[in-house]
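Structure data follow from input-v4.cif (mmCIF, C-alpha atoms, pLDDT in the B column; chains and numbers go by the auth columns):
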```
data_start
#
loop_
_atom_site.group_PDB
_atom_site.id
_atom_site.type_symbol
_atom_site.label_atom_id
_atom_site.label_comp_id
_atom_site.label_asym_id
_atom_site.label_seq_id
_atom_site.Cartn_x
_atom_site.Cartn_y
_atom_site.Cartn_z
_atom_site.B_iso_or_equiv
_atom_site.auth_seq_id
_atom_site.auth_asym_id
ATOM 1 C CA MET A 1 79.179 149.209 61.133 71.00 115 B
ATOM 2 C CA GLU A 2 80.851 152.444 62.057 70.00 116 B
ATOM 3 C CA CYS A 3 84.237 152.747 63.768 73.00 117 B
ATOM 4 C CA ARG A 4 85.398 155.711 65.843 77.00 118 B
ATOM 5 C CA GLU A 5 85.734 156.501 69.544 77.00 119 B
ATOM 6 C CA TRP A 6 82.668 156.630 71.857 81.00 120 B
ATOM 7 C CA PRO A 7 83.999 156.553 75.425 81.00 121 B
ATOM 8 C CA THR A 8 80.609 156.546 77.158 88.00 122 B
ATOM 9 C CA LEU A 9 77.791 154.002 77.050 88.00 123 B
ATOM 10 C CA ALA A 10 75.308 156.805 76.332 90.00 124 B
ATOM 11 C CA GLY A 11 77.415 157.911 73.374 90.00 125 B
ATOM 12 C CA GLN A 12 77.616 154.335 72.068 90.00 126 B
ATOM 13 C CA ARG A 13 73.850 153.898 72.329 89.00 127 B
ATOM 14 C CA ALA A 14 73.193 157.235 70.626 91.00 128 B
ATOM 15 C CA ALA A 15 75.589 156.318 67.804 91.00 129 B
ATOM 16 C CA ALA A 16 73.905 152.925 67.348 91.00 130 B
ATOM 17 C CA HIS A 17 70.475 154.584 67.186 91.00 131 B
ATOM 18 C CA ALA A 18 71.755 157.145 64.671 92.00 132 B
ATOM 19 C CA LEU A 19 73.195 154.338 62.524 93.00 133 B
ATOM 20 C CA LEU A 20 69.867 152.473 62.667 93.00 134 B
ATOM 21 C CA VAL A 21 67.985 155.621 61.587 93.00 135 B
ATOM 22 C CA SER A 22 70.501 156.190 58.800 93.00 136 B
ATOM 23 C CA LEU A 23 70.111 152.625 57.508 94.00 137 B
ATOM 24 C CA LEU A 24 66.305 152.775 57.584 94.00 138 B
ATOM 25 C CA GLY A 25 66.091 156.305 56.243 94.00 139 B
ATOM 26 C CA THR A 26 63.537 157.330 58.833 93.00 140 B
ATOM 27 C CA GLU A 27 63.286 158.061 62.549 93.00 141 B
ATOM 28 C CA VAL A 28 62.247 155.043 64.636 92.00 142 B
ATOM 29 C CA SER A 29 61.628 154.333 68.274 91.00 143 B
ATOM 30 C CA LEU A 30 63.642 151.522 69.753 90.00 144 B
ATOM 31 C CA ALA A 31 62.032 149.103 72.206 92.00 145 B
ATOM 32 C CA HIS A 32 62.923 145.686 73.617 89.00 146 B
ATOM 33 C CA ASP A 33 61.013 142.436 73.404 86.00 147 B
ATOM 34 C CA PRO A 34 60.361 140.272 76.504 84.00 148 B
ATOM 35 C CA GLN A 35 63.744 138.550 76.045 80.00 149 B
ATOM 36 C CA GLY A 36 65.524 141.925 75.950 82.00 150 B
ATOM 37 C CA ALA A 37 66.276 141.979 72.218 87.00 151 B
ATOM 38 C CA PRO A 38 65.868 145.329 70.447 92.00 152 B
ATOM 39 C CA CYS A 39 62.811 145.755 68.248 93.00 153 B
ATOM 40 C CA LEU A 40 60.980 148.447 66.323 94.00 154 B
ATOM 41 C CA PRO A 41 57.317 148.673 67.392 94.00 155 B
ATOM 42 C CA GLU A 42 56.389 150.562 64.217 92.00 156 B
ATOM 43 C CA ARG A 43 58.189 148.000 62.009 93.00 157 B
ATOM 44 C CA PRO A 44 57.323 144.506 63.315 93.00 158 B
ATOM 45 C CA ASP A 45 58.287 143.125 59.874 95.00 159 B
ATOM 46 C CA LEU A 46 61.956 143.873 60.603 95.00 160 B
ATOM 47 C CA ASN A 47 64.321 142.014 62.878 95.00 161 B
ATOM 48 C CA ILE A 48 67.211 144.039 64.234 96.00 162 B
ATOM 49 C CA SER A 49 70.326 143.463 66.256 96.00 163 B
ATOM 50 C CA ILE A 50 72.544 146.140 67.763 95.00 164 B
ATOM 51 C CA SER A 51 75.989 145.965 69.319 94.00 165 B
ATOM 52 C CA HIS A 52 78.461 148.569 70.485 93.00 166 B
ATOM 53 C CA CYS A 53 81.785 148.916 72.193 93.00 167 B
ATOM 54 C CA ARG A 54 84.127 151.823 72.819 90.00 168 B
ATOM 55 C CA ARG A 55 85.425 151.945 69.264 90.00 169 B
ATOM 56 C CA ALA A 56 82.534 150.702 67.112 92.00 170 B
ATOM 57 C CA VAL A 57 78.783 150.375 66.740 93.00 171 B
ATOM 58 C CA ALA A 58 77.079 147.777 64.573 94.00 172 B
ATOM 59 C CA VAL A 59 73.483 147.370 63.444 95.00 173 B
ATOM 60 C CA ALA A 60 71.964 144.495 61.491 96.00 174 B
ATOM 61 C CA ILE A 61 68.486 144.589 59.953 96.00 175 B
ATOM 62 C CA SER A 62 66.633 141.674 58.348 96.00 176 B
ATOM 63 C CA ALA A 63 63.187 141.282 56.810 95.00 177 B
ATOM 64 C CA GLU A 64 63.929 137.571 56.202 93.00 178 B
ATOM 65 C CA GLY A 65 64.193 136.306 59.791 92.00 179 B
ATOM 66 C CA ARG A 66 66.179 136.659 62.967 92.00 180 B
ATOM 67 C CA VAL A 67 69.582 138.291 62.848 96.00 181 B
ATOM 68 C CA GLY A 68 72.359 138.717 65.397 94.00 182 B
ATOM 69 C CA ILE A 69 75.393 140.979 65.388 96.00 183 B
ATOM 70 C CA ASP A 70 78.214 141.507 67.835 96.00 184 B
ATOM 71 C CA VAL A 71 81.191 143.840 67.852 96.00 185 B
ATOM 72 C CA GLU A 72 84.003 143.878 70.394 96.00 186 B
ATOM 73 C CA CYS A 73 87.115 145.983 70.818 96.00 187 B
ATOM 74 C CA ARG A 74 90.408 144.990 72.398 96.00 188 B
ATOM 75 C CA ARG A 75 90.222 144.725 76.177 95.00 189 B
ATOM 76 C CA ARG A 76 91.752 142.632 78.908 95.00 190 B
ATOM 77 C CA VAL A 77 90.417 139.101 78.934 96.00 191 B
ATOM 78 C CA SER A 78 90.980 136.702 81.818 95.00 192 B
ATOM 79 C CA ASP A 79 91.952 133.066 81.417 94.00 193 B
ATOM 80 C CA SER A 80 88.882 132.072 83.429 93.00 194 B
ATOM 81 C CA LEU A 81 86.583 133.865 80.961 92.00 195 B
ATOM 82 C CA MET A 82 88.300 132.156 78.033 94.00 196 B
ATOM 83 C CA GLU A 83 87.860 128.772 79.721 92.00 197 B
ATOM 84 C CA ARG A 84 84.137 129.402 80.383 89.00 198 B
ATOM 85 C CA VAL A 85 83.408 130.537 76.828 89.00 199 B
ATOM 86 C CA CYS A 86 85.651 128.347 74.649 91.00 200 B
ATOM 87 C CA THR A 87 85.554 124.644 73.963 90.00 201 B
ATOM 88 C CA ALA A 88 88.856 122.804 74.475 92.00 202 B
ATOM 89 C CA ASP A 89 89.637 123.009 70.739 93.00 203 B
ATOM 90 C CA GLU A 90 88.756 126.697 70.559 93.00 204 B
ATOM 91 C CA LEU A 91 90.845 127.433 73.634 95.00 205 B
ATOM 92 C CA ALA A 92 93.851 125.655 72.133 96.00 206 B
ATOM 93 C CA ALA A 93 93.494 127.668 68.906 96.00 207 B
ATOM 94 C CA VAL A 94 93.119 130.943 70.837 96.00 208 B
ATOM 95 C CA ARG A 95 96.204 130.254 72.938 97.00 209 B
ATOM 96 C CA ALA A 96 98.227 129.252 69.839 98.00 210 B
ATOM 97 C CA SER A 97 97.281 132.460 68.029 97.00 211 B
ATOM 98 C CA ASP A 98 99.726 135.311 67.445 97.00 212 B
ATOM 99 C CA ASP A 99 97.184 137.559 69.222 97.00 213 B
ATOM 100 C CA PRO A 100 95.247 135.448 71.761 97.00 214 B
ATOM 101 C CA THR A 101 93.133 138.368 72.972 97.00 215 B
ATOM 102 C CA MET A 102 91.776 139.200 69.526 97.00 216 B
ATOM 103 C CA ALA A 103 91.411 135.502 68.644 97.00 217 B
ATOM 104 C CA PHE A 104 89.288 135.042 71.768 97.00 218 B
ATOM 105 C CA LEU A 105 87.212 138.143 71.031 97.00 219 B
ATOM 106 C CA GLN A 106 86.568 136.886 67.492 96.00 220 B
ATOM 107 C CA CYS A 107 85.358 133.577 68.945 94.00 221 B
ATOM 108 C CA TRP A 108 83.192 135.530 71.409 94.00 222 B
ATOM 109 C CA THR A 109 81.622 137.695 68.669 95.00 223 B
ATOM 110 C CA ARG A 110 80.714 134.631 66.622 93.00 224 B
ATOM 111 C CA LYS A 111 79.031 133.010 69.618 91.00 225 B
ATOM 112 C CA GLU A 112 77.240 136.121 70.826 92.00 226 B
ATOM 113 C CA ALA A 113 75.953 136.859 67.306 93.00 227 B
ATOM 114 C CA VAL A 114 74.552 133.308 67.105 91.00 228 B
ATOM 115 C CA LEU A 115 72.892 133.563 70.525 88.00 229 B
ATOM 116 C CA LYS A 116 71.343 136.909 69.554 90.00 230 B
ATOM 117 C CA CYS A 117 70.129 135.405 66.285 91.00 231 B
ATOM 118 C CA ARG A 118 68.504 132.537 68.186 86.00 232 B
ATOM 119 C CA GLY A 119 66.818 135.051 70.478 82.00 233 B
ATOM 120 C CA THR A 120 68.456 133.851 73.667 78.00 234 B
ATOM 121 C CA GLY A 121 71.282 136.369 74.113 70.00 235 B
ATOM 122 C CA ILE A 122 73.969 135.565 76.647 69.00 236 B
ATOM 123 C CA LYS A 123 71.866 134.641 79.652 65.00 237 B
ATOM 124 C CA GLY A 124 74.743 133.125 81.535 47.00 238 B
ATOM 125 C CA PHE A 125 77.752 131.449 80.035 50.00 239 B
ATOM 126 C CA GLY A 126 76.388 127.904 80.094 59.00 240 B
ATOM 127 C CA SER A 127 75.365 128.077 76.449 63.00 241 B
ATOM 128 C CA MET A 128 78.433 129.987 75.243 71.00 242 B
ATOM 129 C CA GLN A 129 80.650 126.903 74.884 71.00 243 B
ATOM 130 C CA SER A 130 78.116 125.077 72.751 74.00 244 B
ATOM 131 C CA ALA A 131 76.785 128.106 70.833 74.00 245 B
ATOM 132 C CA LEU A 132 78.405 127.084 67.542 77.00 246 B
ATOM 133 C CA THR A 133 77.854 123.321 67.702 71.00 247 B
ATOM 134 C CA ASP A 134 74.424 122.823 66.125 67.00 248 B
ATOM 135 C CA GLY A 135 75.040 124.807 62.931 71.00 249 B
ATOM 136 C CA ASP A 136 71.595 126.405 62.757 81.00 250 B
ATOM 137 C CA CYS A 137 72.964 129.862 61.862 87.00 251 B
ATOM 138 C CA GLU A 138 75.163 131.121 59.069 91.00 252 B
ATOM 139 C CA ILE A 139 78.031 133.162 60.520 93.00 253 B
ATOM 140 C CA ILE A 140 79.695 135.961 58.593 93.00 254 B
ATOM 141 C CA GLU A 141 82.873 137.528 59.932 93.00 255 B
ATOM 142 C CA ILE A 142 82.844 141.276 59.359 93.00 256 B
ATOM 143 C CA GLU A 143 86.095 142.854 58.276 90.00 257 B
ATOM 144 C CA CYS A 144 86.845 145.949 60.334 89.00 258 B
ATOM 145 C CA ASN A 145 89.088 148.827 59.358 89.00 259 B
ATOM 146 C CA ASN A 146 90.440 148.941 62.926 91.00 260 B
ATOM 147 C CA PRO A 147 92.718 146.034 63.946 93.00 261 B
ATOM 148 C CA ASP A 148 91.499 146.351 67.539 95.00 262 B
ATOM 149 C CA VAL A 149 87.855 145.696 66.573 96.00 263 B
ATOM 150 C CA VAL A 150 86.245 142.368 65.599 97.00 264 B
ATOM 151 C CA ALA A 151 82.666 141.688 64.557 97.00 265 B
ATOM 152 C CA ALA A 152 80.429 138.855 63.402 96.00 266 B
ATOM 153 C CA LEU A 153 76.943 138.552 61.942 96.00 267 B
ATOM 154 C CA ALA A 154 74.643 135.546 62.306 94.00 268 B
ATOM 155 C CA LEU A 155 71.674 134.822 60.044 94.00 269 B
#
```

Take the structure in this file and express it as structure tokens.
Amino acid sequence: MECREWPTLAGQRAAAHALLVSLLGTEVSLAHDPQGAPCLPERPDLNISISHCRRAVAVAISAEGRVGIDVECRRRVSDSLMERVCTADELAAVRASDDPTMAFLQCWTRKEAVLKCRGTGIKGFGSMQSALTDGDCEIIEIECNNPDVVAALAL
């Protein structure tokens, strides 16, 4: 993961591609599978996941199976979004946190990483509440050097 400022979506995508190339050590073309997940046509043996926000880009690569990564930076979050994404217990923990916004975004990154790992992505919020309930993915919280950035990896 790399942290710095990329104010435009094009800049974020370019930075994510550059990070992917750096990690692989070779130029690659990025495509998307039928579900919209990124893939490398010339390297079908590798599973990749890419995420970016204004302040960070993250890339995960696995030769062992599916992988999902998500990174989020501090932004305004509505109560209605929190209620759609969080279970009742998660919502209570988020609201009791010293920093509810970042607590929510950490919950979000865990769930989105899992959904990416499963290959479903966030096609609607119906599955977001239950994304962590079946335990089929290992979730690793990624420590960021910026307190306004949170990230999670699912394997």

Residues matched by the PyMOL selection byres ((chain B and resi 131) around 9) as a PDB file with C-alpha atoms, in the frame of the given file:
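Below you can see expr29.pdb, which holds the result:
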```
ATOM      1  CA  GLN B 126      77.616 154.335  72.068  1.00 90.00           C
ATOM      2  CA  ARG B 127      73.850 153.898  72.329  1.00 89.00           C
ATOM      3  CA  ALA B 128      73.193 157.235  70.626  1.00 91.00           C
ATOM      4  CA  ALA B 129      75.589 156.318  67.804  1.00 91.00           C
ATOM      5  CA  ALA B 130      73.905 152.925  67.348  1.00 91.00           C
ATOM      6  CA  ALA B 132      71.755 157.145  64.671  1.00 92.00           C
ATOM      7  CA  LEU B 133      73.195 154.338  62.524  1.00 93.00           C
ATOM      8  CA  LEU B 134      69.867 152.473  62.667  1.00 93.00           C
ATOM      9  CA  VAL B 135      67.985 155.621  61.587  1.00 93.00           C
ATOM     10  CA  SER B 136      70.501 156.190  58.800  1.00 93.00           C
ATOM     11  CA  VAL B 142      62.247 155.043  64.636  1.00 92.00           C
ATOM     12  CA  SER B 143      61.628 154.333  68.274  1.00 91.00           C
ATOM     13  CA  LEU B 144      63.642 151.522  69.753  1.00 90.00           C
ATOM     14  CA  ILE B 164      72.544 146.140  67.763  1.00 95.00           C
ATOM     15  CA  VAL B 173      73.483 147.370  63.444  1.00 95.00           C
TER      16      VAL B 173
END
```

Here is a test: counting only C-alpha atoms, which residue of B:Val185, B:Ala217, B:Leu154, B:Leu123 is nearest to Ala268 in chain B?
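Smallest separation from Ala268 in chain B among the options: B:Val185.
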
Nearest to Ile254 in chain B, chosen from B:Glu204, B:Glu141, B:Asp184, B:Glu197, with all atoms listed in the file counted in the distances:
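Nearest candidate to Ile254 in chain B out of B:Glu204, B:Glu141, B:Asp184, B:Glu197: B:Asp184.
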
Name the closest residue to Met242 in chain B among the candidates B:Ala170, B:Val264, B:Leu229, B:Ala124; distances are taken between atoms, counting all atoms listed in the file.
B:Leu229

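Nearest-residue note for Ala174 in chain B: choosing from B:Gly125, B:Asn161, B:Glu255, B:Pro261, the minimum distance belongs to B:Asn161, counting only C-alpha atoms.
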
One decimal, in Å: what's the spacing between CA of Arg180 in chain B and CA of Leu160 in chain B?
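Pair CA of Arg180 in chain B / CA of Leu160 in chain B returns 8.7 Å.
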
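Residue nearest Ile175 in chain B within the list B:Arg118, B:Leu267, B:Phe218, B:Ala145: B:Leu267 [criterion: smallest interatomic distance, only C-alpha atoms].
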
Just the number, please: distance in Å from CA of Ala151 in chain B to CA of Val208 in chain B, one decimal.
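Going from CA of Ala151 in chain B over to CA of Val208 in chain B, I get 29.1 Å.
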
With the file shown as input, list the residues that the PyMOL selection byres ((chain B and resi 231) around 8) selects, as number ranges by chain.
B: 180-183, 227-230, 232-235, 251, 268-269

Convert the output of the PyMOL selection byres ((chain B and resi 214) around 12) on the shown file into explicit residues, formatted as a list in words.
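Selected by the PyMOL selection byres ((chain B and resi 214) around 12) in this file: Arg188, Arg189, Arg190, Val191, Ser192, Asp193, Met196, Glu204, Leu205, Ala206, Ala207, Val208, Arg209, Ala210, Ser211, Asp212, Asp213, Thr215, Met216, Ala217, Phe218, Leu219, Gln220 and Cys221 of chain B.
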
Keeping C-alpha atoms for every residue in the selection just given, could you write it to a file as a JSON list (two decimals), in the coordinates of the input?
```
[["chain", "number", "residue", "atom", "x", "y", "z"],
["B", 188, "ARG", "CA", 90.41, 144.99, 72.40],
["B", 189, "ARG", "CA", 90.22, 144.72, 76.18],
["B", 190, "ARG", "CA", 91.75, 142.63, 78.91],
["B", 191, "VAL", "CA", 90.42, 139.10, 78.93],
["B", 192, "SER", "CA", 90.98, 136.70, 81.82],
["B", 193, "ASP", "CA", 91.95, 133.07, 81.42],
["B", 196, "MET", "CA", 88.30, 132.16, 78.03],
["B", 204, "GLU", "CA", 88.76, 126.70, 70.56],
["B", 205, "LEU", "CA", 90.84, 127.43, 73.63],
["B", 206, "ALA", "CA", 93.85, 125.66, 72.13],
["B", 207, "ALA", "CA", 93.49, 127.67, 68.91],
["B", 208, "VAL", "CA", 93.12, 130.94, 70.84],
["B", 209, "ARG", "CA", 96.20, 130.25, 72.94],
["B", 210, "ALA", "CA", 98.23, 129.25, 69.84],
["B", 211, "SER", "CA", 97.28, 132.46, 68.03],
["B", 212, "ASP", "CA", 99.73, 135.31, 67.44],
["B", 213, "ASP", "CA", 97.18, 137.56, 69.22],
["B", 215, "THR", "CA", 93.13, 138.37, 72.97],
["B", 216, "MET", "CA", 91.78, 139.20, 69.53],
["B", 217, "ALA", "CA", 91.41, 135.50, 68.64],
["B", 218, "PHE", "CA", 89.29, 135.04, 71.77],
["B", 219, "LEU", "CA", 87.21, 138.14, 71.03],
["B", 220, "GLN", "CA", 86.57, 136.89, 67.49],
["B", 221, "CYS", "CA", 85.36, 133.58, 68.94]]
```

Find the residue from B:Leu246, B:Ala177, B:Ala172, B:Met115 that sits nearest to Pro158 in chain B; use all atoms listed in the file when measuring.
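The closest residue to Pro158 in chain B is B:Ala177.
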
Please indicate the distance in Å from CA of Gln149 in chain B to CA of Gln243 in chain B, rounded to one decimal place.
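Result for CA of Gln149 in chain B versus CA of Gln243 in chain B: 20.6 Å, one decimal.
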